[in-house]
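Chemist: Shown below is the structure under consideration.
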There are 2 protein chains.
Amino acid sequence: MSSSASSPTGDDLVRALAALANPHRLRIVAALARERAYVSGLARQLGISRALLQVHLRKLAAAGLVTASLELSEDGKAMNYYEVQPFVLTLTPEIIAAAAETLTVPDSADQPGANR
Amino acid sequence: MSSSASSPTGDDLVRALAALANPHRLRIVAALARERAYVSGLARQLGISRALLQVHLRKLAAAGLVTASLELSEDGKAMNYYEVQPFVLTLTPEIIAAAAETLTVPDSADQPGANR
DNA sequence: CACACCTGCTAGCTTCCTTTTGCATGTGCG
DNA sequence: CGCACATGCAAAAGGAAGCTAGCAGGTGTG
């Protein structure tokens with residue numbers, strides 16, 4: 001979930017940026033921005049293998065930038081349709097400064113929810 | 001050069017996103033957003049080694065997010081001051097779609113050391 | 001029933017990123 | 001002159017990311 005544009009948490013921000021910082025994933029988002037598509041078709045359209053596309057889609061989905069929905073085509077085939085989430089991410093030094101304070105430290109003990 | 005918020009080239013965008021998609025570099029930008037700093041002092045402030053900081057600073061500088069300026073302190077020491085560039089990066093599926101079209105393809109005739 | 005299309009997963013290789021360690025240089029001060 | 005502070009770069013190691021190849025399963029049509 002979450003679609004806060006102005007003040008994402010540091011970890012979320014890193015995840016979203018890492019997800020977008022890749023030519024293939026940029027093209028994937030671009031393709032899905034025009035229209036939703038299913039995995040195999042999208043792979044053909046982009047000229048990459050299904051396995052590779054799936055890895056990238058998973059990363060984009062983990063960042064909440066795209067979502068999947070399993071559907072049945074008219075001829076009974078199971079199709080997994082992906083579509084972009086209408087995110088709006090604005091990046092400035094100030095916004096980054098705010099997000100950086102919520103960054104999880106690479107410490108040994110890491111408790112989501114057990115902090116200030 | 002660059003710093004256009006609405007329509008960066010695909011390669012520039014990937015470079016900027018990759019530069020920001022890292023907890024350390026996020027903290028570096030955050031620190032520099034408050035005030036400019038020189039390498040050694042910033043390393044102490046962030047609690048990381050100078051060598052590591054320099055690598056990260058170089059990546060940020062390569063993306064055009066920070067700039068360096070060599071100066072002399074009053075006691076004659078050479079200090080390399082870094083400061084953030086006031087960038088404003090807005091990311092939406094549409095903007096990404098536009099940027100994706102300007103992406104450099106991993107075209108042929110370009111594989112240094114690629115042998116199989 | 002074989003073929004074409006859809007889905008997913010894993011093993012293994014390669015390449016890049018991150019980080020540490022160490023060296024080399026220059027300046028001011030007691 | 002040696003210590004403290006500043007700068008830089010390069011080699012090496014560990015880990016994460018990217019990609020391919022291959023396997024397994026499902027449904028509908030000729």
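For the structure tokens, the naming scheme is as follows: chains receive sequential letters (A, B, ...) according to their order of presentation, residues are indexed from 1 within each chain, and ligands are indexed from 1 in presentation order.
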Please produce, as JSON lines, a per-residue contact table for chain D versus chain B (criterion: any atom at most 10 Å away, only C-alpha atoms (C1' of nucleotides) considered), showing the nearest atom pair and its distance in Å to one decimal, sorted by chain then residue number.
Modeler:
```
{"residue": "D:DC5", "atom": "C1'", "partner": "B:Lys77", "partner_atom": "CA", "distance": 8.1}
{"residue": "D:DA6", "atom": "C1'", "partner": "B:Lys77", "partner_atom": "CA", "distance": 5.8}
{"residue": "D:DT7", "atom": "C1'", "partner": "B:Ala78", "partner_atom": "CA", "distance": 6.9}
{"residue": "D:DG8", "atom": "C1'", "partner": "B:Ala51", "partner_atom": "CA", "distance": 9.4}
{"residue": "D:DC9", "atom": "C1'", "partner": "B:Ala51", "partner_atom": "CA", "distance": 9.3}
```
Chemist: Would you save the residues from that selection as a JSON list (two decimals), in the first residue's frame, using C-alpha atoms (C1' of nucleotides)?
Modeler:
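The file below, selection_13.json, is the result:
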```json
[["chain", "number", "residue", "atom", "x", "y", "z"],
["D", 5, "DC", "C1'", 45.06, 16.82, 10.23],
["D", 6, "DA", "C1'", 43.85, 17.24, 5.40],
["D", 7, "DT", "C1'", 43.82, 15.07, 0.45],
["D", 8, "DG", "C1'", 43.85, 11.27, -2.98],
["D", 9, "DC", "C1'", 43.96, 6.42, -5.27]]
```
Chemist: I'd like a table as a Markdown table: residues in chain C with an atom no more than 10 Å from chain B, each row giving the shortest atom pair and its distance in Å to one decimal, only C-alpha atoms (C1' of nucleotides) counted, sorted by chain and rising residue number.
Modeler:
```
| residue | atom | partner | partner_atom | distance |
| --- | --- | --- | --- | --- |
| C:DT18 | C1' | B:Leu52 | CA | 8.5 |
| C:DT19 | C1' | B:Leu52 | CA | 6.8 |
| C:DT20 | C1' | B:Leu52 | CA | 8.7 |
| C:DT21 | C1' | B:Ala51 | CA | 9.9 |
| C:DG26 | C1' | B:Lys77 | CA | 8.5 |
| C:DT27 | C1' | B:Lys77 | CA | 5.8 |
| C:DG28 | C1' | B:Asp75 | CA | 6.8 |
```
Chemist: May I have the residues from that selection written out with N, CA and C atoms (P, O5', C5', C4', C3', O3' and C1' of nucleotides), as a PDB file, in the first residue's frame?
Modeler:
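This went into result.pdb:
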```pdb
ATOM      1  P    DT C  18      26.478   0.710  -4.326  1.00  0.00           P
ATOM      2  O5'  DT C  18      27.226   0.102  -3.058  1.00  0.00           O
ATOM      3  C5'  DT C  18      26.686  -1.052  -2.417  1.00  0.00           C
ATOM      4  C4'  DT C  18      27.689  -1.649  -1.456  1.00  0.00           C
ATOM      5  C3'  DT C  18      28.361  -0.625  -0.519  1.00  0.00           C
ATOM      6  O3'  DT C  18      28.096  -0.988   0.823  1.00  0.00           O
ATOM      7  C1'  DT C  18      29.949  -2.109  -1.458  1.00  0.00           C
ATOM      8  P    DT C  19      28.462   0.022   2.015  1.00  0.00           P
ATOM      9  O5'  DT C  19      29.901  -0.468   2.488  1.00  0.00           O
ATOM     10  C5'  DT C  19      30.085  -1.828   2.902  1.00  0.00           C
ATOM     11  C4'  DT C  19      31.557  -2.136   3.061  1.00  0.00           C
ATOM     12  C3'  DT C  19      32.374  -1.042   3.772  1.00  0.00           C
ATOM     13  O3'  DT C  19      32.624  -1.462   5.105  1.00  0.00           O
ATOM     14  C1'  DT C  19      33.544  -2.036   1.930  1.00  0.00           C
ATOM     15  P    DT C  20      33.662  -0.634   6.054  1.00  0.00           P
ATOM     16  O5'  DT C  20      35.040  -1.382   5.774  1.00  0.00           O
ATOM     17  C5'  DT C  20      35.067  -2.815   5.762  1.00  0.00           C
ATOM     18  C4'  DT C  20      36.482  -3.324   5.485  1.00  0.00           C
ATOM     19  C3'  DT C  20      37.569  -2.622   6.316  1.00  0.00           C
ATOM     20  O3'  DT C  20      38.410  -3.607   6.900  1.00  0.00           O
ATOM     21  C1'  DT C  20      38.092  -2.514   3.996  1.00  0.00           C
ATOM     22  P    DT C  21      39.500  -3.150   7.984  1.00  0.00           P
ATOM     23  O5'  DT C  21      40.812  -3.088   7.084  1.00  0.00           O
ATOM     24  C5'  DT C  21      41.100  -4.165   6.179  1.00  0.00           C
ATOM     25  C4'  DT C  21      42.324  -3.836   5.338  1.00  0.00           C
ATOM     26  C3'  DT C  21      43.431  -3.072   6.084  1.00  0.00           C
ATOM     27  O3'  DT C  21      44.654  -3.750   5.922  1.00  0.00           O
ATOM     28  C1'  DT C  21      42.905  -2.007   4.035  1.00  0.00           C
ATOM     29  P    DG C  26      54.235  16.002  -2.067  1.00  0.00           P
ATOM     30  O5'  DG C  26      53.324  16.946  -1.157  1.00  0.00           O
ATOM     31  C5'  DG C  26      52.150  17.535  -1.710  1.00  0.00           C
ATOM     32  C4'  DG C  26      51.389  18.283  -0.618  1.00  0.00           C
ATOM     33  C3'  DG C  26      52.279  19.227   0.198  1.00  0.00           C
ATOM     34  O3'  DG C  26      51.851  20.577   0.048  1.00  0.00           O
ATOM     35  C1'  DG C  26      50.905  17.872   1.608  1.00  0.00           C
ATOM     36  P    DT C  27      52.774  21.754   0.704  1.00  0.00           P
ATOM     37  O5'  DT C  27      52.058  22.004   2.096  1.00  0.00           O
ATOM     38  C5'  DT C  27      50.753  22.598   2.129  1.00  0.00           C
ATOM     39  C4'  DT C  27      50.268  22.662   3.566  1.00  0.00           C
ATOM     40  C3'  DT C  27      51.151  23.509   4.472  1.00  0.00           C
ATOM     41  O3'  DT C  27      50.431  24.659   4.898  1.00  0.00           O
ATOM     42  C1'  DT C  27      50.557  21.426   5.493  1.00  0.00           C
ATOM     43  P    DG C  28      51.171  25.814   5.727  1.00  0.00           P
ATOM     44  O5'  DG C  28      50.891  25.446   7.252  1.00  0.00           O
ATOM     45  C5'  DG C  28      49.552  25.482   7.746  1.00  0.00           C
ATOM     46  C4'  DG C  28      49.512  25.042   9.199  1.00  0.00           C
ATOM     47  C3'  DG C  28      50.396  25.859  10.150  1.00  0.00           C
ATOM     48  O3'  DG C  28      49.678  26.114  11.354  1.00  0.00           O
ATOM     49  C1'  DG C  28      50.959  23.565  10.298  1.00  0.00           C
TER      50       DG C  28
END
```
Chemist: Within 9 Å of B:Leu46, counting only C-alpha atoms (C1' of nucleotides), which residues show up once you throw out same-chain ones fewer than 4 positions away? Write them as an mmCIF file with N, CA and C atoms, in the first residue's frame, please.
Modeler:
```cif
data_model
loop_
_atom_site.group_PDB
_atom_site.id
_atom_site.type_symbol
_atom_site.label_atom_id
_atom_site.label_comp_id
_atom_site.auth_asym_id
_atom_site.auth_seq_id
_atom_site.Cartn_x
_atom_site.Cartn_y
_atom_site.Cartn_z
ATOM 1 N N HIS B 24 23.505 4.987 2.602
ATOM 2 C CA HIS B 24 24.615 5.886 2.889
ATOM 3 C C HIS B 24 24.535 7.159 2.072
ATOM 4 N N ARG B 27 21.954 9.493 3.287
ATOM 5 C CA ARG B 27 22.388 10.237 4.470
ATOM 6 C C ARG B 27 23.383 11.322 4.080
ATOM 7 N N ILE B 28 24.198 11.035 3.109
ATOM 8 C CA ILE B 28 25.172 12.026 2.651
ATOM 9 C C ILE B 28 24.452 13.241 2.080
ATOM 10 N N ALA B 31 22.876 15.161 4.865
ATOM 11 C CA ALA B 31 23.830 15.961 5.633
ATOM 12 C C ALA B 31 24.239 17.209 4.859
ATOM 13 N N GLY B 41 35.629 15.679 7.621
ATOM 14 C CA GLY B 41 34.645 16.048 8.628
ATOM 15 C C GLY B 41 33.334 15.312 8.422
ATOM 16 N N LEU B 42 32.913 15.208 7.181
ATOM 17 C CA LEU B 42 31.665 14.526 6.871
ATOM 18 C C LEU B 42 31.753 13.044 7.214
ATOM 19 N N LEU B 53 33.340 7.004 2.005
ATOM 20 C CA LEU B 53 32.614 8.231 1.717
ATOM 21 C C LEU B 53 33.004 8.791 0.357
#
```
Chemist: Each residue of chain B with at least one atom at most 7 Å from chain A should appear once, together with its nearest atom pair and the corresponding distance in Å (one decimal); atoms considered: only C-alpha atoms; ordering: chain, then increasing residue number; output as CSV.
Modeler:
```
residue,atom,partner,partner_atom,distance
B:Val14,CA,A:Ala21,CA,4.8
B:Leu17,CA,A:Ala21,CA,5.0
B:Ala18,CA,A:Ala21,CA,4.9
B:Leu20,CA,A:Leu17,CA,6.9
B:Ala21,CA,A:Val14,CA,4.9
B:Asn22,CA,A:Val14,CA,6.1
B:Pro23,CA,A:Val14,CA,6.8
B:Leu26,CA,A:Ala100,CA,5.9
B:Arg27,CA,A:Ala100,CA,5.5
B:Val29,CA,A:Pro93,CA,6.5
B:Ala30,CA,A:Ala97,CA,3.8
B:Ala33,CA,A:Pro93,CA,5.7
B:Pro86,CA,A:Pro93,CA,6.7
B:Phe87,CA,A:Thr92,CA,5.7
B:Val88,CA,A:Thr92,CA,4.9
B:Leu89,CA,A:Leu91,CA,4.8
B:Thr90,CA,A:Thr90,CA,4.3
B:Leu91,CA,A:Leu89,CA,4.8
B:Thr92,CA,A:Val88,CA,4.9
B:Pro93,CA,A:Ala33,CA,5.6
B:Glu94,CA,A:Ala33,CA,6.5
B:Ile96,CA,A:Ala30,CA,5.9
B:Ala97,CA,A:Ala30,CA,3.8
B:Ala100,CA,A:Arg27,CA,5.5
```
Chemist: Just list as a PyMOL selection string whatever in chain B DSSP marks as helix (DSSP H, G or I).
Modeler: chain B and resi 10-20+23-34+39-46+50-62+93-100
Chemist: How would you write, as a VMD selection string, the set of residues in stretch 36-74 of chain A that DSSP gives as strand (DSSP E)?
Modeler: chain A and resid 37 to 38 66 to 72
Chemist: Write the residues of the preceding selection, restricted to C-alpha atoms, as a CSV table (one decimal), in the first residue's frame.
Modeler:
```csv
chain,number,residue,atom,x,y,z
A,37,ALA,CA,-0.2,-6.5,-19.8
A,38,TYR,CA,0.3,-10.1,-18.9
A,66,VAL,CA,3.1,-2.2,-9.9
A,67,THR,CA,0.4,-4.7,-8.9
A,68,ALA,CA,-0.6,-8.1,-10.3
A,69,SER,CA,-4.0,-9.6,-10.8
A,70,LEU,CA,-4.6,-13.1,-11.9
A,71,GLU,CA,-7.4,-13.3,-14.5
A,72,LEU,CA,-8.9,-15.8,-16.8
```
Chemist: For atom C1' of C:DC3 and atom C1' of D:DC23, determine how far apart the two atoms are, in Å to one decimal place.
Modeler: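 About the pair atom C1' of C:DC3 and atom C1' of D:DC23: they are 18.4 Å apart.
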